[in-house]
$ cat entry_15.cif   # mmCIF, C-alpha atoms
data_work
#
loop_
_atom_site.group_PDB
_atom_site.id
_atom_site.type_symbol
_atom_site.label_atom_id
_atom_site.label_comp_id
_atom_site.auth_asym_id
_atom_site.auth_seq_id
_atom_site.Cartn_x
_atom_site.Cartn_y
_atom_site.Cartn_z
ATOM 1 C CA MET B 1 25.087 -28.554 11.312
ATOM 2 C CA ASN B 2 22.361 -28.843 13.931
ATOM 3 C CA TYR B 3 20.050 -25.900 14.410
ATOM 4 C CA GLN B 4 17.938 -25.162 17.434
ATOM 5 C CA HIS B 5 15.033 -23.661 15.537
ATOM 6 C CA TYR B 6 13.239 -27.018 15.352
ATOM 7 C CA ARG B 7 12.699 -26.665 19.106
ATOM 8 C CA ALA B 8 9.942 -24.189 18.226
ATOM 9 C CA THR B 9 7.901 -26.885 16.467
ATOM 10 C CA THR B 10 5.054 -28.675 18.204
ATOM 11 C CA LEU B 11 7.358 -31.662 18.685
ATOM 12 C CA GLY B 12 10.096 -29.498 20.172
ATOM 13 C CA ARG B 13 7.762 -27.516 22.407
ATOM 14 C CA THR B 14 6.184 -30.614 23.879
ATOM 15 C CA LEU B 15 9.641 -32.058 24.516
ATOM 16 C CA GLN B 16 10.738 -28.894 26.306
ATOM 17 C CA ASP B 17 7.523 -28.766 28.338
ATOM 18 C CA THR B 18 8.032 -32.383 29.383
ATOM 19 C CA LEU B 19 11.639 -31.758 30.333
ATOM 20 C CA ASP B 20 10.662 -28.680 32.357
ATOM 21 C CA GLU B 21 8.036 -30.625 34.261
ATOM 22 C CA MET B 22 10.447 -33.473 34.976
ATOM 23 C CA MET B 23 13.143 -31.068 36.139
ATOM 24 C CA GLU B 24 10.691 -29.339 38.479
ATOM 25 C CA ARG B 25 9.842 -32.672 40.037
ATOM 26 C CA GLY B 26 13.513 -33.608 40.239
ATOM 27 C CA ASP B 27 13.092 -36.596 37.947
ATOM 28 C CA ILE B 28 15.814 -35.412 35.604
ATOM 29 C CA THR B 29 18.845 -33.171 35.946
ATOM 30 C CA LYS B 30 19.454 -30.059 33.931
ATOM 31 C CA LYS B 31 22.553 -31.652 32.464
ATOM 32 C CA ILE B 32 20.592 -34.580 31.081
ATOM 33 C CA ALA B 33 17.861 -32.231 29.843
ATOM 34 C CA ASN B 34 20.448 -30.248 27.879
ATOM 35 C CA LEU B 35 21.879 -33.446 26.422
ATOM 36 C CA VAL B 36 18.367 -34.476 25.376
ATOM 37 C CA LEU B 37 17.755 -31.174 23.613
ATOM 38 C CA LEU B 38 21.096 -31.283 21.815
ATOM 39 C CA ARG B 39 20.371 -34.806 20.696
ATOM 40 C CA TYR B 40 16.877 -33.727 19.611
ATOM 41 C CA ASP B 41 18.402 -31.041 17.351
ATOM 42 C CA LYS B 42 20.473 -33.711 15.683
ATOM 43 C CA SER B 43 17.742 -36.329 15.463
ATOM 44 C CA ILE B 44 15.126 -34.076 13.909
ATOM 45 C CA SER B 45 17.587 -32.978 11.219
ATOM 46 C CA THR B 46 18.333 -36.613 10.490
ATOM 47 C CA ALA B 47 14.643 -37.530 10.448
ATOM 48 C CA LEU B 48 13.812 -34.715 8.052
ATOM 49 C CA LYS B 49 16.591 -35.806 5.769
ATOM 50 C CA ASP B 50 15.770 -39.510 5.897
ATOM 51 C CA HIS B 51 11.990 -39.542 6.203
ATOM 52 C CA GLY B 52 10.763 -36.281 4.746
ATOM 53 C CA THR B 53 10.095 -37.367 1.216
ATOM 54 C CA SER B 54 6.710 -35.777 0.515
ATOM 55 C CA ASN B 55 6.561 -32.847 -1.811
ATOM 56 C CA MET B 56 4.177 -29.943 -1.775
ATOM 57 C CA SER B 57 4.087 -26.987 -4.076
ATOM 58 C CA PHE B 58 3.029 -23.591 -2.955
ATOM 59 C CA THR B 59 2.292 -20.178 -4.303
ATOM 60 C CA ALA B 60 1.719 -16.902 -2.540
ATOM 61 C CA GLU B 61 -0.018 -13.688 -3.406
ATOM 62 C CA ARG B 62 2.758 -11.618 -1.973
ATOM 63 C CA LEU B 63 6.306 -11.956 -0.710
ATOM 64 C CA GLU B 64 6.059 -9.601 2.237
ATOM 65 C CA THR B 65 9.655 -9.744 3.451
ATOM 66 C CA PHE B 66 12.850 -11.471 2.470
ATOM 67 C CA ARG B 67 16.248 -11.202 4.064
ATOM 68 C CA CYS B 68 19.450 -13.176 4.405
ATOM 69 C CA CYS B 69 21.488 -12.775 7.556
ATOM 70 C CA ASP B 70 24.394 -15.045 8.549
ATOM 71 C CA ASN B 71 23.405 -17.522 5.816
ATOM 72 C CA VAL B 72 19.861 -17.772 7.177
ATOM 73 C CA TRP B 73 17.157 -16.837 4.708
ATOM 74 C CA THR B 74 13.888 -15.594 6.144
ATOM 75 C CA LEU B 75 10.868 -15.143 3.928
ATOM 76 C CA ILE B 76 7.398 -14.069 4.949
ATOM 77 C CA LEU B 77 4.644 -14.922 2.513
ATOM 78 C CA LYS B 78 1.144 -13.533 2.564
ATOM 79 C CA ASP B 79 -1.903 -15.461 1.382
ATOM 80 C CA ALA B 80 -0.051 -18.643 0.492
ATOM 81 C CA GLU B 81 -1.586 -21.793 -0.889
ATOM 82 C CA PHE B 82 0.032 -25.198 -0.473
ATOM 83 C CA ARG B 83 -0.949 -28.004 -2.821
ATOM 84 C CA GLU B 84 -0.458 -31.717 -2.729
ATOM 85 C CA ASP B 85 -2.215 -33.853 -5.310
ATOM 86 C CA GLN B 86 -5.911 -33.085 -4.965
ATOM 87 C CA HIS B 87 -5.647 -31.079 -1.793
ATOM 88 C CA SER B 88 -4.862 -27.490 -1.081
ATOM 89 C CA LEU B 89 -4.253 -25.543 2.095
ATOM 90 C CA LYS B 90 -4.594 -21.800 2.298
ATOM 91 C CA VAL B 91 -2.569 -19.943 4.876
ATOM 92 C CA ASP B 92 -2.712 -16.227 5.655
ATOM 93 C CA VAL B 93 0.919 -15.799 6.653
ATOM 94 C CA VAL B 94 3.823 -18.192 6.246
ATOM 95 C CA LYS B 95 7.289 -17.666 7.621
ATOM 96 C CA ILE B 96 10.018 -19.671 5.925
ATOM 97 C CA VAL B 97 13.411 -19.963 7.594
ATOM 98 C CA ALA B 98 16.017 -21.642 5.410
ATOM 99 C CA CYS B 99 19.511 -22.535 6.605
ATOM 100 C CA LEU B 100 22.479 -24.259 5.084
ATOM 101 C CA GLY B 101 22.143 -28.046 5.187
ATOM 102 C CA THR B 102 25.805 -28.789 5.794
ATOM 103 C CA ASP B 103 28.809 -27.308 7.506
ATOM 104 C CA ASN B 104 30.685 -26.652 4.302
ATOM 105 C CA GLY B 105 27.791 -24.789 2.719
ATOM 106 C CA ASN B 106 27.651 -26.897 -0.416
ATOM 107 C CA GLU B 107 24.027 -27.834 0.133
ATOM 108 C CA MET V 1 -9.850 -28.832 -5.103
ATOM 109 C CA ALA V 2 -10.519 -29.915 -1.509
ATOM 110 C CA LYS V 3 -9.275 -27.638 1.202
ATOM 111 C CA ILE V 4 -7.306 -29.266 4.022
ATOM 112 C CA LEU V 5 -8.478 -28.337 7.469
ATOM 113 C CA PRO V 6 -6.503 -29.201 10.605
ATOM 114 C CA THR V 7 -9.346 -31.379 11.849
ATOM 115 C CA ASP V 8 -10.395 -33.211 8.732
ATOM 116 C CA GLY V 9 -8.048 -36.112 9.397
ATOM 117 C CA ILE V 10 -5.972 -35.702 6.257
ATOM 118 C CA TRP V 11 -2.270 -35.791 7.002
ATOM 119 C CA ILE V 12 0.860 -36.069 4.955
ATOM 120 C CA PRO V 13 1.674 -39.804 5.330
ATOM 121 C CA GLU V 14 5.149 -39.329 6.763
ATOM 122 C CA SER V 15 3.952 -36.767 9.289
ATOM 123 C CA CYS V 16 2.112 -39.409 11.336
ATOM 124 C CA SER V 17 5.228 -41.425 12.012
ATOM 125 C CA PHE V 18 7.642 -38.504 12.045
ATOM 126 C CA PRO V 19 7.561 -37.797 15.828
ATOM 127 C CA GLU V 20 8.207 -41.444 16.532
ATOM 128 C CA ASP V 21 11.117 -41.488 14.090
ATOM 129 C CA VAL V 22 12.665 -38.504 15.846
ATOM 130 C CA MET V 23 12.081 -39.992 19.285
ATOM 131 C CA ILE V 24 13.567 -43.376 18.444
ATOM 132 C CA ASP V 25 16.628 -41.814 16.848
ATOM 133 C CA MET V 26 17.013 -39.443 19.789
ATOM 134 C CA MET V 27 16.808 -42.142 22.439
ATOM 135 C CA GLU V 28 19.143 -44.465 20.558
ATOM 136 C CA GLY V 29 21.590 -41.628 20.177
ATOM 137 C CA LEU V 30 21.407 -40.707 23.857
ATOM 138 C CA PHE V 31 21.960 -44.271 25.060
ATOM 139 C CA ARG V 32 24.845 -44.601 22.632
ATOM 140 C CA ASP V 33 26.501 -41.193 23.157
ATOM 141 C CA VAL V 34 26.081 -41.020 26.925
ATOM 142 C CA PRO V 35 27.539 -44.293 28.179
ATOM 143 C CA ASN V 36 27.719 -43.395 31.846
ATOM 144 C CA LEU V 37 23.989 -43.091 32.420
ATOM 145 C CA THR V 38 22.930 -44.195 35.857
ATOM 146 C CA HIS V 39 20.009 -46.529 36.316
ATOM 147 C CA LYS V 40 17.924 -43.626 37.567
ATOM 148 C CA GLU V 41 18.761 -41.536 34.500
ATOM 149 C CA TYR V 42 18.005 -44.450 32.251
ATOM 150 C CA LEU V 43 14.566 -44.807 33.820
ATOM 151 C CA ALA V 44 14.028 -41.044 33.620
ATOM 152 C CA LEU V 45 14.694 -41.083 29.878
ATOM 153 C CA ALA V 46 12.274 -43.948 29.402
ATOM 154 C CA ASP V 47 9.722 -41.982 31.410
ATOM 155 C CA LEU V 48 10.449 -38.896 29.320
ATOM 156 C CA GLN V 49 9.618 -40.822 26.175
ATOM 157 C CA SER V 50 6.174 -41.860 27.390
ATOM 158 C CA ARG V 51 5.351 -38.451 28.865
ATOM 159 C CA TRP V 52 6.472 -36.684 25.709
ATOM 160 C CA MET V 53 4.317 -38.914 23.532
ATOM 161 C CA ALA V 54 1.300 -38.382 25.773
ATOM 162 C CA LYS V 55 1.750 -34.630 25.679
ATOM 163 C CA LEU V 56 2.176 -34.643 21.925
ATOM 164 C CA ALA V 57 -1.000 -36.661 21.404
ATOM 165 C CA ASN V 58 -3.053 -33.951 23.093
ATOM 166 C CA ARG V 59 -1.357 -30.983 21.471
ATOM 167 C CA GLN V 60 -2.485 -29.500 18.205
ATOM 168 C CA PRO V 61 0.024 -27.532 16.209
ATOM 169 C CA GLU V 62 0.155 -23.921 17.257
ATOM 170 C CA SER V 63 0.663 -21.036 14.955
ATOM 171 C CA ASN V 64 3.824 -19.119 15.504
ATOM 172 C CA PRO V 65 3.260 -15.556 16.580
ATOM 173 C CA LEU V 66 3.415 -13.052 13.802
ATOM 174 C CA PRO V 67 6.528 -10.951 13.715
ATOM 175 C CA PRO V 68 5.928 -7.440 14.972
ATOM 176 C CA LYS V 69 5.180 -4.950 12.300
ATOM 177 C CA PRO V 70 7.964 -2.486 11.774
ATOM 178 C CA LYS V 71 7.152 0.850 13.248
ATOM 179 C CA LYS V 72 6.520 3.544 10.769
ATOM 180 C CA ARG V 73 9.119 6.180 10.970
ATOM 181 C CA LYS V 74 7.794 9.523 11.750
ATOM 182 C CA LYS V 75 8.848 12.099 9.325
ATOM 183 C CA ILE V 76 10.634 14.746 11.229
ATOM 184 C CA ALA V 77 10.568 18.076 9.525
ATOM 185 C CA PRO V 78 14.008 19.614 9.382
ATOM 186 C CA LYS V 79 14.423 22.260 11.956
ATOM 187 C CA LYS V 80 14.373 25.636 10.488
ATOM 188 C CA GLN V 81 17.092 27.857 11.689
ATOM 189 C CA ASP V 82 15.702 30.592 13.755
ATOM 190 C CA GLN V 83 15.399 33.752 11.868
ATOM 191 C CA PRO V 84 16.443 36.821 13.735
ATOM 192 C CA VAL V 85 13.468 37.988 15.704
ATOM 193 C CA GLU V 86 11.825 40.762 13.926
ATOM 194 C CA GLU V 87 11.783 43.766 16.095
ATOM 195 C CA LYS V 88 8.392 45.132 16.600
ATOM 196 C CA GLY V 89 8.613 48.714 15.691
ATOM 197 C CA SER V 90 6.774 51.095 13.557
ATOM 198 C CA GLU V 91 8.044 51.518 10.054
ATOM 199 C CA VAL V 92 8.926 55.006 9.118
ATOM 200 C CA ASP V 93 9.484 56.736 5.834
ATOM 201 C CA ILE V 94 13.227 57.179 5.648
ATOM 202 C CA TYR V 95 12.796 60.629 4.140
ATOM 203 C CA ASP V 96 10.837 61.751 7.194
ATOM 204 C CA VAL V 97 13.722 61.212 9.591
ATOM 205 C CA ASP V 98 16.815 63.244 10.129
ATOM 206 C CA ASP V 99 19.915 62.249 8.154
ATOM 207 C CA ASN V 100 21.958 61.476 11.240
ATOM 208 C CA GLU V 101 19.285 59.516 13.045
ATOM 209 C CA MET V 102 20.147 55.870 13.603
ATOM 210 C CA VAL V 103 17.600 53.572 11.995
ATOM 211 C CA ASN V 104 17.207 49.866 11.801
ATOM 212 C CA ASN V 105 17.495 48.903 8.140
ATOM 213 C CA ARG V 106 16.186 45.470 7.371
ATOM 214 C CA ILE V 107 18.369 44.261 4.515
ATOM 215 C CA TYR V 108 16.884 41.411 2.568
ATOM 216 C CA ILE V 109 19.145 39.088 0.591
ATOM 217 C CA PRO V 110 17.290 36.788 -1.795
ATOM 218 C CA ARG V 111 18.400 33.257 -2.714
ATOM 219 C CA LEU V 112 20.878 34.298 -5.378
ATOM 220 C CA ARG V 113 22.826 31.058 -5.089
ATOM 221 C CA SER V 114 21.297 27.597 -4.890
ATOM 222 C CA ALA V 115 23.072 26.851 -1.630
ATOM 223 C CA TRP V 116 21.613 29.890 0.074
ATOM 224 C CA ARG V 117 18.285 30.532 1.664
ATOM 225 C CA ALA V 118 16.618 33.878 1.636
ATOM 226 C CA ARG V 119 17.586 35.840 4.745
ATOM 227 C CA TYR V 120 17.365 39.261 6.152
ATOM 228 C CA PHE V 121 19.600 41.135 8.531
ATOM 229 C CA ASN V 122 18.756 44.056 10.782
ATOM 230 C CA ILE V 123 21.545 46.545 10.411
ATOM 231 C CA MET V 124 21.778 49.791 12.307
ATOM 232 C CA MET V 125 22.900 52.753 10.245
ATOM 233 C CA ARG V 126 22.335 56.419 9.900
ATOM 234 C CA ALA V 127 19.420 57.447 7.733
ATOM 235 C CA PHE V 128 21.555 59.238 5.164
ATOM 236 C CA VAL V 129 23.249 55.949 4.200
ATOM 237 C CA ILE V 130 19.920 54.671 2.955
ATOM 238 C CA LYS V 131 18.804 57.946 1.452
ATOM 239 C CA ARG V 132 21.958 58.229 -0.640
ATOM 240 C CA GLY V 133 22.178 54.534 -1.457
ATOM 241 C CA LEU V 134 25.742 54.421 -0.221
ATOM 242 C CA LEU V 135 25.826 50.692 0.282
ATOM 243 C CA ASN V 136 24.700 49.687 -3.197
ATOM 244 C CA LYS V 137 28.005 50.094 -4.978
ATOM 245 C CA HIS V 138 29.969 48.454 -2.171
ATOM 246 C CA ILE V 139 27.980 45.264 -1.863
ATOM 247 C CA ASN V 140 29.879 42.525 -3.677
ATOM 248 C CA TRP V 141 29.816 38.749 -4.011
ATOM 249 C CA GLN V 142 32.679 38.347 -1.590
ATOM 250 C CA ILE V 143 30.825 39.894 1.338
ATOM 251 C CA LEU V 144 27.575 38.218 0.316
ATOM 252 C CA ASP V 145 29.215 34.778 0.236
ATOM 253 C CA LYS V 146 30.767 35.442 3.604
ATOM 254 C CA ILE V 147 27.605 36.487 5.419
ATOM 255 C CA MET V 148 25.341 33.953 3.752
ATOM 256 C CA ALA V 149 27.648 31.099 4.754
ATOM 257 C CA ALA V 150 27.651 32.216 8.364
ATOM 258 C CA PRO V 151 25.000 31.575 11.021
ATOM 259 C CA ASP V 152 22.432 34.313 11.480
ATOM 260 C CA ALA V 153 24.021 36.149 14.379
ATOM 261 C CA GLU V 154 27.483 35.910 12.919
ATOM 262 C CA GLY V 155 26.294 36.959 9.454
ATOM 263 C CA GLN V 156 24.492 39.914 10.926
ATOM 264 C CA ALA V 157 27.621 40.976 12.808
ATOM 265 C CA GLU V 158 29.720 40.638 9.637
ATOM 266 C CA LEU V 159 27.315 42.744 7.637
ATOM 267 C CA GLN V 160 27.086 45.347 10.400
ATOM 268 C CA ALA V 161 30.863 45.598 10.473
ATOM 269 C CA PHE V 162 30.951 45.894 6.689
ATOM 270 C CA VAL V 163 28.344 48.657 6.716
ATOM 271 C CA ASP V 164 30.134 50.513 9.496
ATOM 272 C CA LYS V 165 33.342 50.305 7.523
ATOM 273 C CA VAL V 166 31.729 51.590 4.332
ATOM 274 C CA VAL V 167 30.022 54.434 6.168
ATOM 275 C CA ALA V 168 33.250 55.377 7.922
ATOM 276 C CA GLY V 169 34.998 55.500 4.561
ATOM 277 C CA GLN V 170 32.285 57.746 3.148
ATOM 278 C CA GLU V 171 32.479 60.144 6.057
ATOM 279 C CA MET V 172 36.211 60.576 5.812
#
$ encode --input "entry_15.cif" --output "structure tokens"
Amino acid sequence: MNYQHYRATTLGRTLQDTLDEMMERGDITKKIANLVLLRYDKSISTALKDHGTSNMSFTAERLETFRCCDNVWTLILKDAEFREDQHSLKVDVVKIVACLGTDNGNE
Amino acid sequence: MAKILPTDGIWIPESCSFPEDVMIDMMEGLFRDVPNLTHKEYLALADLQSRWMAKLANRQPESNPLPPKPKKRKKIAPKKQDQPVEEKGSEVDIYDVDDNEMVNNRIYIPRLRSAWRARYFNIMMRAFVIKRGLLNKHINWQILDKIMAAPDAEGQAELQAFVDKVVAGQEM
């Protein structure tokens, strides 16, 4: 299953900005732009699956909100700390959106 | 433990090549899945790739906006049912008025049952009814349940009718 929420990443936003600019100039049609975005949804899922092998652990002071709606889990963490080896990253607020990895819901 | 800052140059190794991985896969997929691309569209996609990369190079990650805080619900106090407006009138000693004079008797009914609330009803009656305590032996749970379950105006009318009936029976 391909989700559109990766369009809100820096990678997705820059792609959309570029497509908008090219459409305004008439360099690309809306139809092609939509095809590009649909393909982007698929490609980023594939890339995360194939290339995202790093692991980080994290803890949070507080789980502010958690909810599950239509098989989409949303968690908001306050004062989280991510750790990888010798490094740590403190973040005030983290929003985690977790969806099913496959169509059949086994993963 | 060192703290990672966005500008300190420390990145997760895969993250550096990740955009390129996505872009290559995306372009390959587009050229494969959309076979009828015109030459112009083909060039536009190639141009898209370079423009996208250039834009990405100058863009730092942006924080997502925080979700709006849920509005606190205002506690709305339950509306109290309007009590019958107390008539402004001077109180009189019942034994100072004539027996047949009509007086307004404010009958108070306390919260004898848990479902009730304390209420009072302004009932018009002749003074002798109060002086002789004629109502006391006629008041029963049945009439109390009936008037206390009714809205104020209706309850007052029920009690007035009951009193009138009792008084009429006494006079006969």
$ closest_residue --input "entry_15.cif" --among "B:Lys49, B:Arg83, B:Arg39, B:Arg67" --to "chain V" --atoms "only C-alpha atoms"
B:Arg39
$ resolve_selection --input "entry_15.cif" --expression "the PyMOL selection byres ((chain V and resi 15-27) around 9)" --output "PyMOL selection string"
(chain B and resi 11+36+39-48+51-52) or (chain V and resi 11-14+28-32+45-46+49+53+56)
$ closest_atom_pairs --input "entry_15.cif" --of "chain B" --to "chain V" --cutoff "10 Å" --atoms "all atoms listed in the file" --output "Markdown table"
| residue | atom | partner | partner_atom | distance |
| --- | --- | --- | --- | --- |
| B:Ala8 | CA | V:Asn64 | CA | 8.4 |
| B:Thr9 | CA | V:Pro61 | CA | 7.9 |
| B:Thr10 | CA | V:Pro61 | CA | 5.5 |
| B:Leu11 | CA | V:Pro19 | CA | 6.8 |
| B:Gly12 | CA | V:Leu56 | CA | 9.6 |
| B:Arg13 | CA | V:Leu56 | CA | 9.1 |
| B:Thr14 | CA | V:Leu56 | CA | 6.0 |
| B:Leu15 | CA | V:Trp52 | CA | 5.7 |
| B:Gln16 | CA | V:Trp52 | CA | 8.9 |
| B:Asp17 | CA | V:Trp52 | CA | 8.4 |
| B:Thr18 | CA | V:Trp52 | CA | 5.9 |
| B:Leu19 | CA | V:Leu48 | CA | 7.3 |
| B:Glu21 | CA | V:Arg51 | CA | 9.9 |
| B:Met22 | CA | V:Leu48 | CA | 7.8 |
| B:Gly26 | CA | V:Ala44 | CA | 10.0 |
| B:Asp27 | CA | V:Ala44 | CA | 6.3 |
| B:Ile28 | CA | V:Ala44 | CA | 6.2 |
| B:Thr29 | CA | V:Glu41 | CA | 8.5 |
| B:Ile32 | CA | V:Glu41 | CA | 8.0 |
| B:Ala33 | CA | V:Leu45 | CA | 9.4 |
| B:Leu35 | CA | V:Leu30 | CA | 7.7 |
| B:Val36 | CA | V:Leu30 | CA | 7.1 |
| B:Leu37 | CA | V:Met26 | CA | 9.1 |
| B:Leu38 | CA | V:Met26 | CA | 9.3 |
| B:Arg39 | CA | V:Met26 | CA | 5.8 |
| B:Tyr40 | CA | V:Met26 | CA | 5.7 |
| B:Asp41 | CA | V:Met26 | CA | 8.9 |
| B:Lys42 | CA | V:Met26 | CA | 7.9 |
| B:Ser43 | CA | V:Met26 | CA | 5.4 |
| B:Ile44 | CA | V:Val22 | CA | 5.4 |
| B:Ser45 | CA | V:Val22 | CA | 8.7 |
| B:Thr46 | CA | V:Val22 | CA | 8.0 |
| B:Ala47 | CA | V:Val22 | CA | 5.8 |
| B:Leu48 | CA | V:Phe18 | CA | 8.3 |
| B:Asp50 | CA | V:Asp21 | CA | 9.6 |
| B:His51 | CA | V:Glu14 | CA | 6.9 |
| B:Gly52 | CA | V:Glu14 | CA | 6.7 |
| B:Thr53 | CA | V:Glu14 | CA | 7.7 |
| B:Ser54 | CA | V:Ile12 | CA | 7.3 |
| B:Asn55 | CA | V:Ile12 | CA | 9.4 |
| B:Met56 | CA | V:Ile12 | CA | 9.7 |
| B:Ile76 | CA | V:Pro67 | CA | 9.3 |
| B:Glu81 | CA | V:Lys3 | CA | 9.9 |
| B:Phe82 | CA | V:Ile4 | CA | 9.5 |
| B:Arg83 | CA | V:Met1 | CA | 9.2 |
| B:Glu84 | CA | V:Ile12 | CA | 8.9 |
| B:Asp85 | CA | V:Met1 | CA | 9.1 |
| B:Gln86 | CA | V:Met1 | CA | 5.8 |
| B:His87 | CA | V:Ala2 | CA | 5.0 |
| B:Ser88 | CA | V:Lys3 | CA | 5.0 |
| B:Leu89 | CA | V:Ile4 | CA | 5.2 |
| B:Lys90 | CA | V:Lys3 | CA | 7.6 |
| B:Val93 | CA | V:Leu66 | CA | 8.1 |
| B:Val94 | CA | V:Leu66 | CA | 9.1 |
| B:Lys95 | CA | V:Leu66 | CA | 8.6 |
$ resolve_selection --input "entry_15.cif" --expression "the PyMOL selection byres ((chain B and resi 68) around 12)" --output "number ranges by chain"
B: 65-67, 69-75, 96-100
$ atom_distance --input "entry_15.cif" --atom1 "atom CA of Val167 of chain V" --atom2 "atom CA of Val129 of chain V"
7.2 Å
$ atom_distance --input "entry_15.cif" --atom1 "atom CA of Leu159 of chain V" --atom2 "atom CA of Asp99 of chain V"
20.9 Å
$ atom_distance --input "entry_15.cif" --atom1 "atom CA of Gln160 of chain V" --atom2 "atom CA of Arg117 of chain V"
19.3 Å
$ residues_around --input "entry_15.cif" --residues "segment 110-115 of chain V" --least-positions-apart "4" --cutoff "9 Å" --atoms "all atoms listed in the file" --output "PDB file with C-alpha atoms, in the coordinates of the input"
ATOM      1  CA  ARG V 119      17.586  35.840   4.745  1.00  0.00           C
ATOM      2  CA  TYR V 120      17.365  39.261   6.152  1.00  0.00           C
ATOM      3  CA  ALA V 149      27.648  31.099   4.754  1.00  0.00           C
TER       4      ALA V 149
END
$ residues_around --input "entry_15.cif" --residues "Arg126 of chain V" --least-positions-apart "4" --cutoff "12 Å" --atoms "all atoms listed in the file" --output "JSON, numbers by chain"
{"V": [94, 95, 97, 98, 99, 100, 101, 102, 103, 104, 105, 130, 131, 132, 133, 134, 135, 163, 164, 166, 167, 168, 171]}
